[in-house]
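Undergrad: So here's protein_3.txt (compact mmCIF, C-alpha atoms).
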```
# COMPACT_ATOMS: atom_id res chain seq x y z
CA MET A 1 -1.88 -42.59 -75.78
CA ILE A 2 -3.44 -45.86 -76.87
CA ALA A 3 -4.99 -47.91 -74.13
CA SER A 4 -2.96 -51.00 -73.34
CA LEU A 5 -4.07 -54.35 -72.04
CA PHE A 6 -2.93 -53.09 -68.63
CA ASP A 7 -5.37 -50.17 -68.79
CA LEU A 8 -8.22 -52.46 -69.81
CA THR A 9 -7.45 -54.91 -66.99
CA LEU A 10 -7.17 -52.05 -64.48
CA CYS A 11 -10.54 -50.58 -65.52
CA LEU A 12 -12.27 -53.96 -65.27
CA LEU A 13 -10.65 -54.52 -61.87
CA ILE A 14 -11.78 -51.06 -60.68
CA LEU A 15 -15.36 -51.78 -61.76
CA ALA A 16 -15.34 -55.26 -60.17
CA VAL A 17 -14.01 -53.95 -56.84
CA ALA A 18 -16.41 -50.96 -56.91
CA GLY A 19 -19.22 -53.45 -57.56
CA ALA A 20 -18.17 -55.49 -54.53
CA ALA A 21 -18.04 -52.31 -52.41
CA VAL A 22 -21.54 -51.25 -53.52
CA PHE A 23 -23.34 -54.61 -53.78
CA GLY A 24 -21.49 -56.60 -51.10
CA ARG A 25 -23.80 -57.80 -48.35
CA ALA A 26 -21.63 -57.23 -45.28
CA ALA A 27 -20.78 -53.61 -44.48
CA PHE A 28 -17.29 -54.46 -43.21
CA MET A 29 -16.48 -56.27 -46.45
CA ALA A 30 -17.79 -53.32 -48.45
CA VAL A 31 -15.46 -50.92 -46.59
CA VAL A 32 -12.44 -53.18 -47.17
CA PHE A 33 -13.28 -53.34 -50.88
CA PHE A 34 -13.64 -49.55 -50.90
CA ILE A 35 -10.07 -49.17 -49.61
CA VAL A 36 -8.79 -51.51 -52.33
CA TYR A 37 -10.85 -49.51 -54.82
CA GLY A 38 -9.11 -46.28 -53.74
CA ILE A 39 -5.67 -47.82 -54.31
CA LEU A 40 -6.70 -49.00 -57.79
CA ILE A 41 -8.05 -45.54 -58.63
CA ALA A 42 -4.68 -44.10 -57.54
CA ILE A 43 -2.99 -46.40 -60.09
CA ALA A 44 -5.44 -45.16 -62.73
CA TRP A 45 -4.32 -41.58 -61.95
CA LEU A 46 -0.72 -42.63 -62.52
CA ARG A 47 -1.75 -43.98 -65.94
CA LEU A 48 -3.38 -40.62 -66.71
CA GLY A 49 -0.14 -38.81 -65.89
CA ALA A 50 -1.57 -37.16 -62.76
CA ILE A 51 0.97 -38.14 -60.11
CA ASP A 52 -0.14 -35.45 -57.63
CA VAL A 53 -3.72 -36.69 -57.83
CA ALA A 54 -2.54 -40.30 -57.42
CA LEU A 55 -0.74 -39.34 -54.18
CA ALA A 56 -3.81 -37.48 -52.90
CA GLU A 57 -6.17 -40.33 -53.82
CA ALA A 58 -3.99 -43.00 -52.19
CA ALA A 59 -3.49 -40.98 -48.99
CA ILE A 60 -6.90 -39.30 -48.63
CA GLY A 61 -9.38 -41.16 -50.85
CA ALA A 62 -8.28 -44.67 -49.92
CA GLY A 63 -6.40 -44.25 -46.64
CA LEU A 64 -8.19 -41.65 -44.54
CA THR A 65 -11.69 -42.29 -45.94
CA GLY A 66 -11.17 -46.00 -45.27
CA VAL A 67 -10.12 -45.34 -41.67
CA LEU A 68 -13.14 -43.03 -41.21
CA LEU A 69 -15.54 -45.68 -42.55
CA LEU A 70 -14.03 -48.45 -40.40
CA ALA A 71 -14.13 -46.30 -37.26
CA ALA A 72 -17.72 -45.21 -37.93
CA LEU A 73 -18.79 -48.79 -38.61
CA SER A 74 -17.42 -50.06 -35.29
CA ARG A 75 -19.06 -47.17 -33.40
CA ILE A 76 -22.42 -47.80 -35.08
CA MET A 77 -22.28 -51.54 -34.37
CA ARG A 78 -21.56 -50.83 -30.70
CA ASN A 79 -24.65 -48.65 -30.41
CA ILE A 80 -27.22 -50.74 -32.21
CA ASP A 81 -29.11 -53.39 -30.24
CA ALA A 82 -31.99 -53.85 -32.67
CA PRO A 83 -31.51 -56.23 -35.59
CA GLU A 84 -30.12 -54.60 -38.69
CA PRO A 85 -32.61 -53.66 -41.39
CA ALA A 86 -32.37 -55.55 -44.67
CA PRO A 87 -29.49 -54.07 -46.65
CA VAL A 88 -31.39 -53.08 -49.75
CA LEU A 89 -34.76 -51.42 -50.22
CA GLU A 90 -36.94 -54.14 -51.74
CA GLY A 91 -39.10 -53.51 -54.75
CA LYS A 92 -37.25 -50.40 -55.81
CA THR A 93 -34.08 -52.07 -56.98
CA ILE A 94 -35.12 -52.58 -60.61
CA ALA A 95 -36.26 -48.98 -61.10
CA THR A 96 -33.10 -47.72 -59.37
CA GLY A 97 -30.91 -49.97 -61.51
CA LEU A 98 -32.58 -48.75 -64.70
CA ALA A 99 -32.27 -45.11 -63.66
CA SER A 100 -28.57 -45.62 -62.87
CA LEU A 101 -28.01 -47.24 -66.26
CA VAL A 102 -29.68 -44.26 -67.95
CA VAL A 103 -27.45 -41.84 -66.01
CA THR A 104 -24.34 -43.82 -66.99
CA ALA A 105 -25.43 -43.81 -70.64
CA LEU A 106 -26.07 -40.06 -70.59
CA VAL A 107 -22.74 -39.30 -68.93
CA ALA A 108 -20.91 -41.58 -71.38
CA HIS A 109 -22.67 -39.88 -74.29
CA ALA A 110 -21.69 -36.46 -72.95
CA PHE A 111 -18.09 -37.62 -72.60
CA LEU A 112 -17.98 -39.04 -76.14
CA THR A 113 -19.39 -35.87 -77.67
CA LEU A 114 -17.13 -33.42 -75.80
CA PRO A 115 -15.71 -30.65 -78.03
CA GLU A 116 -12.04 -30.71 -78.96
CA PRO A 117 -9.81 -30.29 -75.90
CA ARG A 118 -8.32 -26.86 -75.40
CA GLY A 119 -6.35 -27.34 -72.23
CA LEU A 120 -4.79 -24.67 -70.05
CA GLN A 121 -1.35 -26.35 -70.09
CA SER A 122 0.20 -23.75 -72.38
CA ARG A 123 -1.03 -20.82 -70.31
CA VAL A 124 0.19 -22.41 -67.08
CA THR A 125 3.58 -23.14 -68.66
CA ALA A 126 3.83 -19.58 -70.01
CA ASN A 127 3.27 -18.07 -66.55
CA LEU A 128 5.12 -20.70 -64.53
CA ALA A 129 8.23 -18.50 -64.16
CA ASP A 130 6.21 -15.96 -62.14
CA ALA A 131 4.37 -18.53 -60.05
CA GLY A 132 7.07 -19.31 -57.49
CA ALA A 133 6.74 -23.08 -57.91
CA GLU A 134 8.15 -25.31 -60.62
CA ASN A 135 5.57 -28.06 -60.15
CA PRO A 136 2.67 -26.77 -62.29
CA VAL A 137 0.06 -28.42 -60.03
CA THR A 138 1.47 -26.64 -56.95
CA ALA A 139 1.59 -23.39 -58.94
CA VAL A 140 -2.12 -23.78 -59.81
CA LEU A 141 -3.10 -24.81 -56.27
CA LEU A 142 -1.30 -22.04 -54.40
CA ASN A 143 -1.04 -19.25 -56.92
CA PHE A 144 -3.24 -19.32 -60.04
CA ARG A 145 -6.21 -20.84 -58.24
CA GLY A 146 -5.21 -19.98 -54.68
CA TRP A 147 -8.79 -18.94 -53.99
CA ASP A 148 -9.89 -22.61 -54.25
CA THR A 149 -7.20 -23.73 -51.85
CA LEU A 150 -7.88 -20.95 -49.35
CA LEU A 151 -11.59 -21.83 -49.24
CA GLU A 152 -10.80 -25.54 -49.14
CA SER A 153 -8.68 -25.12 -46.01
CA ILE A 154 -11.63 -23.26 -44.45
CA VAL A 155 -14.07 -26.00 -45.54
CA LEU A 156 -11.92 -28.51 -43.62
CA LEU A 157 -12.23 -26.35 -40.50
CA ALA A 158 -15.99 -25.99 -41.00
CA ALA A 159 -16.34 -29.78 -41.24
CA LEU A 160 -14.35 -30.17 -38.02
CA LEU A 161 -16.60 -27.63 -36.26
CA GLY A 162 -19.60 -29.65 -37.45
CA VAL A 163 -18.09 -32.87 -36.11
CA TRP A 164 -17.27 -31.25 -32.76
CA THR A 165 -20.80 -29.93 -32.31
CA LEU A 166 -21.92 -33.57 -32.15
CA ALA A 167 -20.07 -34.12 -28.87
CA ARG A 168 -22.23 -34.85 -25.84
CA ASP A 169 -22.32 -31.96 -23.36
CA ASP A 170 -20.68 -33.95 -20.57
CA ALA A 171 -17.87 -35.12 -22.86
CA TRP A 172 -17.03 -31.71 -24.31
CA SER A 173 -13.53 -30.37 -23.61
CA GLY A 174 -12.32 -33.92 -23.11
CA ARG A 175 -9.84 -35.71 -25.30
CA ALA A 176 -10.92 -36.18 -28.91
CA GLY A 177 -12.28 -39.59 -29.81
CA LEU A 178 -12.02 -42.73 -27.74
CA ARG A 179 -9.09 -43.73 -25.60
CA HIS A 180 -6.98 -46.31 -27.35
CA VAL A 181 -5.53 -49.17 -25.40
CA THR A 182 -3.25 -51.66 -27.07
CA ARG A 183 -1.62 -54.83 -25.89
CA PRO A 184 2.03 -54.03 -25.04
CA GLY A 185 4.33 -55.88 -27.43
CA GLY A 186 1.45 -56.41 -29.87
CA VAL A 187 1.59 -55.65 -33.58
CA LEU A 188 0.07 -52.17 -33.28
CA ALA A 189 2.34 -51.14 -30.40
CA GLN A 190 5.42 -52.20 -32.39
CA PHE A 191 4.12 -50.68 -35.61
CA GLY A 192 3.39 -47.43 -33.77
CA ARG A 193 7.09 -47.11 -32.96
CA ILE A 194 8.52 -48.11 -36.32
CA LEU A 195 6.23 -46.18 -38.65
CA PRO A 196 6.26 -42.58 -37.28
CA PRO A 197 9.92 -41.72 -37.99
CA ILE A 198 9.58 -42.96 -41.59
CA GLY A 199 6.22 -41.22 -41.96
CA LEU A 200 7.58 -37.91 -40.63
CA LEU A 201 10.41 -38.04 -43.16
CA VAL A 202 8.09 -38.89 -46.05
CA GLY A 203 5.51 -36.27 -45.05
CA ILE A 204 7.99 -33.40 -44.76
CA TYR A 205 9.75 -34.51 -47.95
CA LEU A 206 6.45 -34.47 -49.87
CA VAL A 207 5.83 -30.85 -48.82
CA TRP A 208 9.39 -29.75 -49.53
CA ALA A 209 9.54 -31.53 -52.90
CA GLY A 210 6.07 -30.29 -53.82
CA SER A 211 7.33 -27.01 -55.28
CA LYS A 212 9.41 -28.83 -57.92
CA GLN A 213 8.08 -32.37 -58.12
CA PRO A 214 4.79 -34.12 -57.40
CA GLY A 215 3.75 -33.65 -53.79
CA GLY A 216 2.52 -30.72 -51.75
CA ALA A 217 0.79 -29.54 -48.60
CA PHE A 218 -2.24 -31.81 -48.89
CA GLN A 219 -0.37 -35.03 -49.61
CA GLY A 220 2.35 -34.29 -47.05
CA GLY A 221 -0.17 -33.10 -44.45
CA THR A 222 -2.13 -36.32 -44.86
CA VAL A 223 0.96 -38.44 -44.25
CA LEU A 224 1.77 -36.39 -41.14
CA ALA A 225 -1.81 -36.78 -39.92
CA ALA A 226 -1.47 -40.54 -40.44
CA VAL A 227 1.69 -40.55 -38.32
CA TRP A 228 -0.18 -38.83 -35.50
CA ILE A 229 -3.16 -41.19 -35.83
CA VAL A 230 -0.97 -44.31 -35.75
CA THR A 231 0.93 -43.06 -32.69
CA ILE A 232 -2.32 -42.44 -30.82
CA MET A 233 -3.95 -45.67 -31.96
CA ALA A 234 -0.88 -47.53 -30.70
CA GLY A 235 -1.51 -45.98 -27.28
CA LEU A 236 1.91 -44.26 -27.25
CA MET A 237 0.36 -40.83 -26.72
CA GLN A 238 -3.10 -39.52 -26.03
CA ALA A 239 -5.28 -37.47 -28.35
CA PRO A 240 -5.27 -33.77 -27.39
CA ARG A 241 -8.14 -32.11 -25.58
CA VAL A 242 -10.35 -30.23 -28.04
CA ALA A 243 -10.04 -27.10 -25.86
CA ASP A 244 -6.23 -27.24 -26.01
CA ARG A 245 -4.90 -23.84 -27.11
CA ALA A 246 -1.89 -25.25 -28.97
CA LEU A 247 -4.17 -27.58 -30.91
CA ARG A 248 -6.55 -24.77 -31.83
CA ALA A 249 -3.63 -22.57 -32.92
CA ALA A 250 -2.35 -25.41 -35.15
CA LEU A 251 -5.81 -25.84 -36.68
CA VAL A 252 -6.21 -22.20 -37.74
CA ILE A 253 -2.65 -21.02 -38.43
CA GLY A 254 -2.68 -22.22 -42.07
CA PRO A 255 -5.89 -20.53 -43.20
CA VAL A 256 -5.06 -17.40 -41.12
CA ILE A 257 -1.59 -16.90 -42.60
CA PHE A 258 -2.88 -17.68 -46.11
CA LEU A 259 -5.70 -15.16 -45.66
CA ALA A 260 -3.32 -12.55 -44.22
CA LEU A 261 -0.97 -12.89 -47.21
CA ALA A 262 -3.96 -12.75 -49.56
CA VAL A 263 -5.03 -9.46 -47.98
CA ALA A 264 -1.44 -8.18 -48.04
CA GLY A 265 -1.51 -8.91 -51.77
CA VAL A 266 -3.95 -6.03 -52.13
CA PHE A 267 -1.01 -3.66 -51.56
CA ALA A 268 1.01 -5.46 -54.24
CA GLY A 269 -1.78 -5.36 -56.79
CA ALA A 270 -4.82 -7.43 -55.98
CA PHE A 271 -6.31 -9.85 -53.45
CA LEU A 272 -4.41 -13.16 -53.38
CA VAL A 273 -1.62 -11.93 -55.66
CA PHE A 274 1.92 -12.96 -54.83
CA PRO A 275 4.56 -10.57 -56.27
CA PRO A 276 6.63 -12.75 -58.67
CA ALA A 277 9.91 -11.70 -57.02
CA HIS A 278 8.79 -13.10 -53.65
CA ALA A 279 6.37 -15.79 -54.80
CA GLY A 280 8.83 -18.63 -54.20
CA TRP A 281 9.35 -18.22 -50.47
CA LEU A 282 5.81 -16.95 -49.87
CA ILE A 283 4.38 -20.15 -51.36
CA LEU A 284 6.78 -22.25 -49.32
CA ALA A 285 5.72 -20.40 -46.14
CA VAL A 286 2.02 -20.84 -46.93
CA GLU A 287 2.60 -24.52 -47.70
CA ALA A 288 4.44 -25.03 -44.41
CA VAL A 289 1.68 -23.56 -42.22
CA LEU A 290 -1.05 -25.12 -44.36
CA THR A 291 0.59 -28.52 -43.90
CA LEU A 292 0.50 -28.10 -40.12
CA SER A 293 -3.18 -27.08 -40.17
CA ILE A 294 -4.19 -29.78 -42.66
CA ALA A 295 -2.41 -32.48 -40.65
CA ALA A 296 -4.04 -31.33 -37.40
CA THR A 297 -7.51 -30.92 -38.95
CA LEU A 298 -7.47 -34.28 -40.76
CA ALA A 299 -6.30 -36.09 -37.63
CA MET A 300 -9.03 -34.42 -35.53
CA LEU A 301 -11.64 -35.31 -38.15
CA ILE A 302 -10.53 -38.95 -37.90
CA PHE A 303 -10.60 -38.99 -34.07
CA GLY A 304 -14.11 -37.54 -34.04
CA PRO A 305 -15.79 -35.60 -31.26
CA PRO A 306 -14.69 -36.19 -27.66
CA GLU A 307 -16.55 -39.18 -26.28
CA GLY A 308 -15.42 -39.06 -22.65
CA GLU A 309 -14.01 -41.90 -20.59
CA GLU A 310 -16.91 -44.12 -21.48
CA LYS A 311 -17.36 -47.83 -21.03
CA ARG A 312 -15.74 -49.93 -23.67
CA MET B 1 -10.64 -51.84 -85.32
CA ILE B 2 -8.83 -48.88 -83.84
CA ALA B 3 -7.79 -49.37 -80.22
CA PRO B 4 -9.50 -46.85 -77.93
CA SER B 5 -7.37 -44.20 -76.28
CA ALA B 6 -6.58 -44.41 -72.58
CA SER B 7 -8.62 -41.29 -71.85
CA LEU B 8 -11.68 -42.84 -73.54
CA LEU B 9 -11.32 -46.03 -71.51
CA TYR B 10 -10.93 -44.25 -68.16
CA GLY B 11 -13.67 -41.75 -69.01
CA LEU B 12 -16.16 -44.55 -69.68
CA CYS B 13 -14.95 -46.30 -66.52
CA GLY B 14 -15.80 -43.09 -64.65
CA ALA B 15 -19.27 -43.02 -66.24
CA VAL B 16 -19.97 -46.60 -65.09
CA LEU B 17 -18.69 -45.76 -61.58
CA ILE B 18 -21.13 -42.85 -61.39
CA GLY B 19 -24.01 -45.21 -62.23
CA LEU B 20 -22.80 -47.87 -59.78
CA GLY B 21 -22.47 -45.36 -56.97
CA LEU B 22 -25.85 -43.82 -57.76
CA TYR B 23 -27.49 -47.24 -57.50
CA GLY B 24 -25.86 -47.92 -54.14
CA PHE B 25 -26.73 -44.44 -52.88
CA VAL B 26 -30.44 -44.90 -53.62
CA ALA B 27 -30.91 -48.62 -52.99
CA HIS B 28 -29.11 -49.05 -49.68
CA ARG B 29 -30.98 -48.71 -46.44
CA ARG B 30 -27.97 -48.41 -44.17
CA LEU B 31 -26.62 -44.88 -44.09
CA ILE B 32 -22.95 -45.86 -43.96
CA ARG B 33 -23.38 -47.80 -47.21
CA ARG B 34 -24.92 -44.69 -48.77
CA VAL B 35 -21.91 -42.59 -47.76
CA LEU B 36 -19.61 -45.21 -49.26
CA ALA B 37 -21.63 -45.23 -52.50
CA PHE B 38 -21.57 -41.43 -52.57
CA ASN B 39 -17.78 -41.58 -52.48
CA VAL B 40 -17.86 -43.97 -55.46
CA ILE B 41 -19.95 -41.40 -57.38
CA GLY B 42 -17.42 -38.72 -56.43
CA SER B 43 -14.36 -40.62 -57.58
CA GLY B 44 -16.21 -41.56 -60.79
CA ILE B 45 -16.78 -37.86 -61.49
CA PHE B 46 -13.12 -37.09 -60.73
CA LEU B 47 -12.00 -39.88 -63.09
CA LEU B 48 -14.29 -38.60 -65.84
CA PHE B 49 -12.96 -35.06 -65.36
CA GLY B 50 -9.33 -36.19 -65.28
CA ALA B 51 -9.78 -38.39 -68.36
CA SER B 52 -11.40 -35.55 -70.31
CA ALA B 53 -8.32 -33.41 -69.54
CA TYR B 54 -6.06 -36.16 -70.89
CA ARG B 55 -7.57 -36.44 -74.37
CA ASP B 56 -4.59 -34.64 -75.90
CA PRO B 57 -1.61 -36.45 -74.32
CA ALA B 58 0.83 -34.62 -76.60
CA ALA B 59 0.09 -31.45 -74.59
CA GLY B 60 0.95 -33.22 -71.33
CA ALA B 61 -1.28 -33.66 -68.30
CA ASP B 62 -3.25 -30.44 -67.71
CA PRO B 63 -2.35 -29.13 -64.21
CA VAL B 64 -5.56 -27.11 -63.72
CA PRO B 65 -7.98 -30.09 -63.59
CA GLN B 66 -5.44 -31.96 -61.46
CA ALA B 67 -5.39 -29.16 -58.88
CA MET B 68 -9.20 -28.97 -58.91
CA ILE B 69 -9.48 -32.76 -58.42
CA ILE B 70 -7.07 -32.64 -55.46
CA THR B 71 -9.23 -29.90 -53.95
CA GLY B 72 -12.28 -32.07 -54.64
CA ILE B 73 -10.77 -35.12 -52.95
CA VAL B 74 -10.05 -33.11 -49.80
CA VAL B 75 -13.53 -31.56 -49.72
CA ALA B 76 -15.07 -35.02 -50.26
CA LEU B 77 -13.15 -36.27 -47.24
CA ALA B 78 -14.37 -33.34 -45.12
CA ALA B 79 -17.98 -34.00 -46.15
CA THR B 80 -17.59 -37.75 -45.53
CA ALA B 81 -16.18 -37.12 -42.04
CA LEU B 82 -19.13 -34.86 -41.16
CA ALA B 83 -21.69 -37.29 -42.63
CA LEU B 84 -20.21 -40.25 -40.73
CA ALA B 85 -20.14 -38.29 -37.46
CA LEU B 86 -23.84 -37.49 -37.97
CA ILE B 87 -24.60 -41.16 -38.68
CA VAL B 88 -22.73 -42.26 -35.54
CA ALA B 89 -24.66 -39.69 -33.46
CA HIS B 90 -27.92 -40.89 -35.04
CA ALA B 91 -27.04 -44.52 -34.26
CA ARG B 92 -26.31 -43.57 -30.64
CA LEU B 93 -29.62 -41.73 -30.17
CA ALA B 94 -31.97 -43.81 -32.35
CA GLN B 95 -30.25 -47.21 -32.01
CA SER B 96 -30.43 -47.58 -35.76
CA GLY B 97 -28.14 -47.38 -38.76
CA ALA B 98 -30.95 -46.31 -41.10
CA LEU B 99 -33.34 -43.39 -41.41
CA PRO B 100 -36.82 -43.85 -39.85
CA GLU B 101 -38.59 -43.73 -43.23
CA ASP B 102 -36.44 -46.59 -44.47
CA GLU B 103 -37.13 -48.86 -41.51
CA THR B 104 -39.63 -51.58 -42.34
CA HIS B 105 -40.83 -54.54 -40.31
CA GLU B 106 -40.82 -58.15 -41.38
CA ASP B 107 -44.36 -57.85 -42.81
CA GLY B 108 -43.32 -54.81 -44.82
CA SER B 109 -45.36 -52.31 -42.78
CA GLU B 110 -43.85 -48.93 -42.09
CA ASP B 111 -42.84 -47.69 -38.66
CA ALA B 112 -45.32 -45.44 -36.94
CA PRO B 113 -43.98 -41.88 -36.93
```
What does this structure look like when you write it as structure tokens?

TA:
Amino acid sequence: MIASLFDLTLCLLILAVAGAAVFGRAAFMAVVFFIVYGILIAIAWLRLGAIDVALAEAAIGAGLTGVLLLAALSRIMRNIDAPEPAPVLEGKTIATGLASLVVTALVAHAFLTLPEPRGLQSRVTANLADAGAENPVTAVLLNFRGWDTLLESIVLLAALLGVWTLARDDAWSGRAGLRHVTRPGGVLAQFGRILPPIGLLVGIYLVWAGSKQPGGAFQGGTVLAAVWIVTIMAGLMQAPRVADRALRAALVIGPVIFLALAVAGVFAGAFLVFPPAHAGWLILAVEAVLTLSIAATLAMLIFGPPEGEEKR
Amino acid sequence: MIAPSASLLYGLCGAVLIGLGLYGFVAHRRLIRRVLAFNVIGSGIFLLFGASAYRDPAAGADPVPQAMIITGIVVALAATALALALIVAHARLAQSGALPEDETHEDGSEDAP
């Protein structure tokens, strides 16, 4: 495909917004530009024909990462009394800039001199009938490269354990994150009632459609996590206690069921092998429990460790 | 002049993003800005990878790199969440948004250890 004027404009816009996010003086401004940057990157993925990646980038790369950065920024600002250090290390900027230019030039050179593409499309297409999913990306994620996805769901849990270990001793076993209080009748309180039903529908649809069309457990799980986050931020419900048994069951059920089916695959042939006759419903079952765990884990990562009923 | 292909354009865009992010990651003193810049490096690498898989559009978008990039995006989020939680804990304990070795006074002298 020949690059159009649209592609050129989009690339320049991406670079300009990334520049503002990296060079901008105020941290808050930089985070806002980063969110815009994520949305633009999602559009770039659409142009590259990767709709599943575009959904993941918009939901996770722009949305959740943006929320994480904003929340962290406000918590840092609340804790710092001393004046902020100068934003950039003086005296080292020129050397750093030159080194970065060299890296960009080397990467660009490597990209330009890549050998002829020999993609795996044909092999995926040839085996798609046995994969149990018609969307080739879902087939790769949950069947052909299921190992990646299994470990990825465990990486999410490991990150959450790391975040939880940062809780203060006296706050542990409390509710995750800070308590959210909103003005009744305010924008957030209204929004928190309107958005969740739509979000629930979209999230579940993305998982269900993921076996045939773009979508899947990660994109759908992220939307469901967002629904939960918005409801709690609007003060309509409280974040769960980190010691809550139902919460902990939701966090681990996805990886546990996936791992159990992977081990059961040993009897059908090899570790992580789904028998083609049953692959369809097995993948749907794994996706369903993975979605639950991903949604719960992502939401808990966003809330952060329990901080107790502290002064605000 | 022959118009460049879309994959070439987005691949080079990814290369520039990697450089931009690298600069921000090294040059910034505030840790949260470094995490942000690190995410720019990450998405630049993803874009480069995705663009290299799209050099033969007649074959259609290759699903294997797409699946690996989705995995990468999720892992990047997990790492970002952990890094930010560490930075928040550091800010709470040290009252600072930067590492001790990057703190300098007005006259440029370093902090005593």

Undergrad: Give me, please, the distance in Å between atom CA of Asn135 of chain A and atom CA of Val223 of chain A, quoted to one decimal.

TA: 19.5 Å

Undergrad: Near chain B, which residues of chain A fall within 6 Å when you count all atoms listed in the file, and what do they look like as number ranges by chain?

TA: A: 1-3, 22, 49, 53, 76, 79-80, 87-89, 96-97, 100, 104, 107-108, 121, 136-137, 141, 156, 159, 163

Undergrad: Would you list the contacts of segment 273-276 of chain A as a VMD selection string, taking every protein, DNA or RNA residue within 7 Å and counting only C-alpha atoms, but skipping same-chain residues closer than 5 positions in sequence?

TA: chain A and resid 130 to 132 262 265 268

Undergrad: Figure out the distance between atom CA of Leu142 of chain A and atom CA of Val286 of chain A, please, to one decimal in Å.

TA: 8.3 Å

Undergrad: Please check which residues have atoms at most 12 Å from (-4.4, -21.9, -46.8) in the file's coordinates, counting only C-alpha atoms, and write them as number ranges by chain.

TA: A: 141-143, 145-157, 217-218, 251-262, 272, 282-294; B: 71

Undergrad: Would you kindly return, as a list of chain:residue names, each protein, DNA or RNA residue with an atom no farther than 10 Å from any atom of Ala239 of chain A, considering all atoms listed in the file and excluding same-chain residues fewer than 5 positions away?

TA: A:Gly174, A:Arg175, A:Ala176, A:Gly177, A:Leu178, A:Arg179, A:His180, A:Trp228, A:Ile229, A:Thr231, A:Ile232, A:Met233, A:Ala299, A:Met300, A:Phe303, A:Pro306

Undergrad: Mind writing the picked residues with C-alpha atoms as a tab-separated table (two decimals), in the frame of the given file?

TA:
```tsv
chain	number	residue	atom	x	y	z
A	174	GLY	CA	-12.32	-33.92	-23.11
A	175	ARG	CA	-9.84	-35.71	-25.30
A	176	ALA	CA	-10.92	-36.18	-28.91
A	177	GLY	CA	-12.28	-39.59	-29.81
A	178	LEU	CA	-12.02	-42.73	-27.74
A	179	ARG	CA	-9.09	-43.73	-25.60
A	180	HIS	CA	-6.98	-46.31	-27.35
A	228	TRP	CA	-0.18	-38.83	-35.50
A	229	ILE	CA	-3.16	-41.19	-35.83
A	231	THR	CA	0.93	-43.06	-32.69
A	232	ILE	CA	-2.32	-42.44	-30.82
A	233	MET	CA	-3.95	-45.67	-31.96
A	299	ALA	CA	-6.30	-36.09	-37.63
A	300	MET	CA	-9.03	-34.42	-35.53
A	303	PHE	CA	-10.60	-38.99	-34.07
A	306	PRO	CA	-14.69	-36.19	-27.66
```

Undergrad: Could you state the separation of atom CA of Tyr37 of chain A and atom CA of Ala58 of chain A in Å, given to one decimal place?

TA: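 Interatomic distance here is 9.8 Å.
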
Undergrad: With 10 Å as the cut-off and only C-alpha atoms counted, what is the closest atom pair between each nearby residue of segment 233-311 of chain A and segment 66-74 of chain A? Distances in Å to one decimal, ordered by chain and number, as CSV.

TA:
```
residue,atom,partner,partner_atom,distance
A:Leu301,CA,A:Leu68,CA,8.4
A:Ile302,CA,A:Leu68,CA,5.9
A:Phe303,CA,A:Leu68,CA,8.6
A:Gly304,CA,A:Leu68,CA,9.1
```

Undergrad: Taking all atoms of segment 72-79 of chain B that appear in the file, build a box with edges along x, y and z, extend it by 3 Å on every side, and state its centre and edge lengths in Å to one decimal, as lines of an AutoDock Vina configuration file.

TA:
```
center_x = -14.0
center_y = -33.9
center_z = -49.9
size_x = 13.9
size_y = 10.7
size_z = 15.5
```

Undergrad: Residues at most 12 Å from Asp169 of chain A, counting only C-alpha atoms, excluding those fewer than 4 positions away in the same chain, as a PyMOL selection string?

TA: chain A and resi 164-165+173-174+305-308
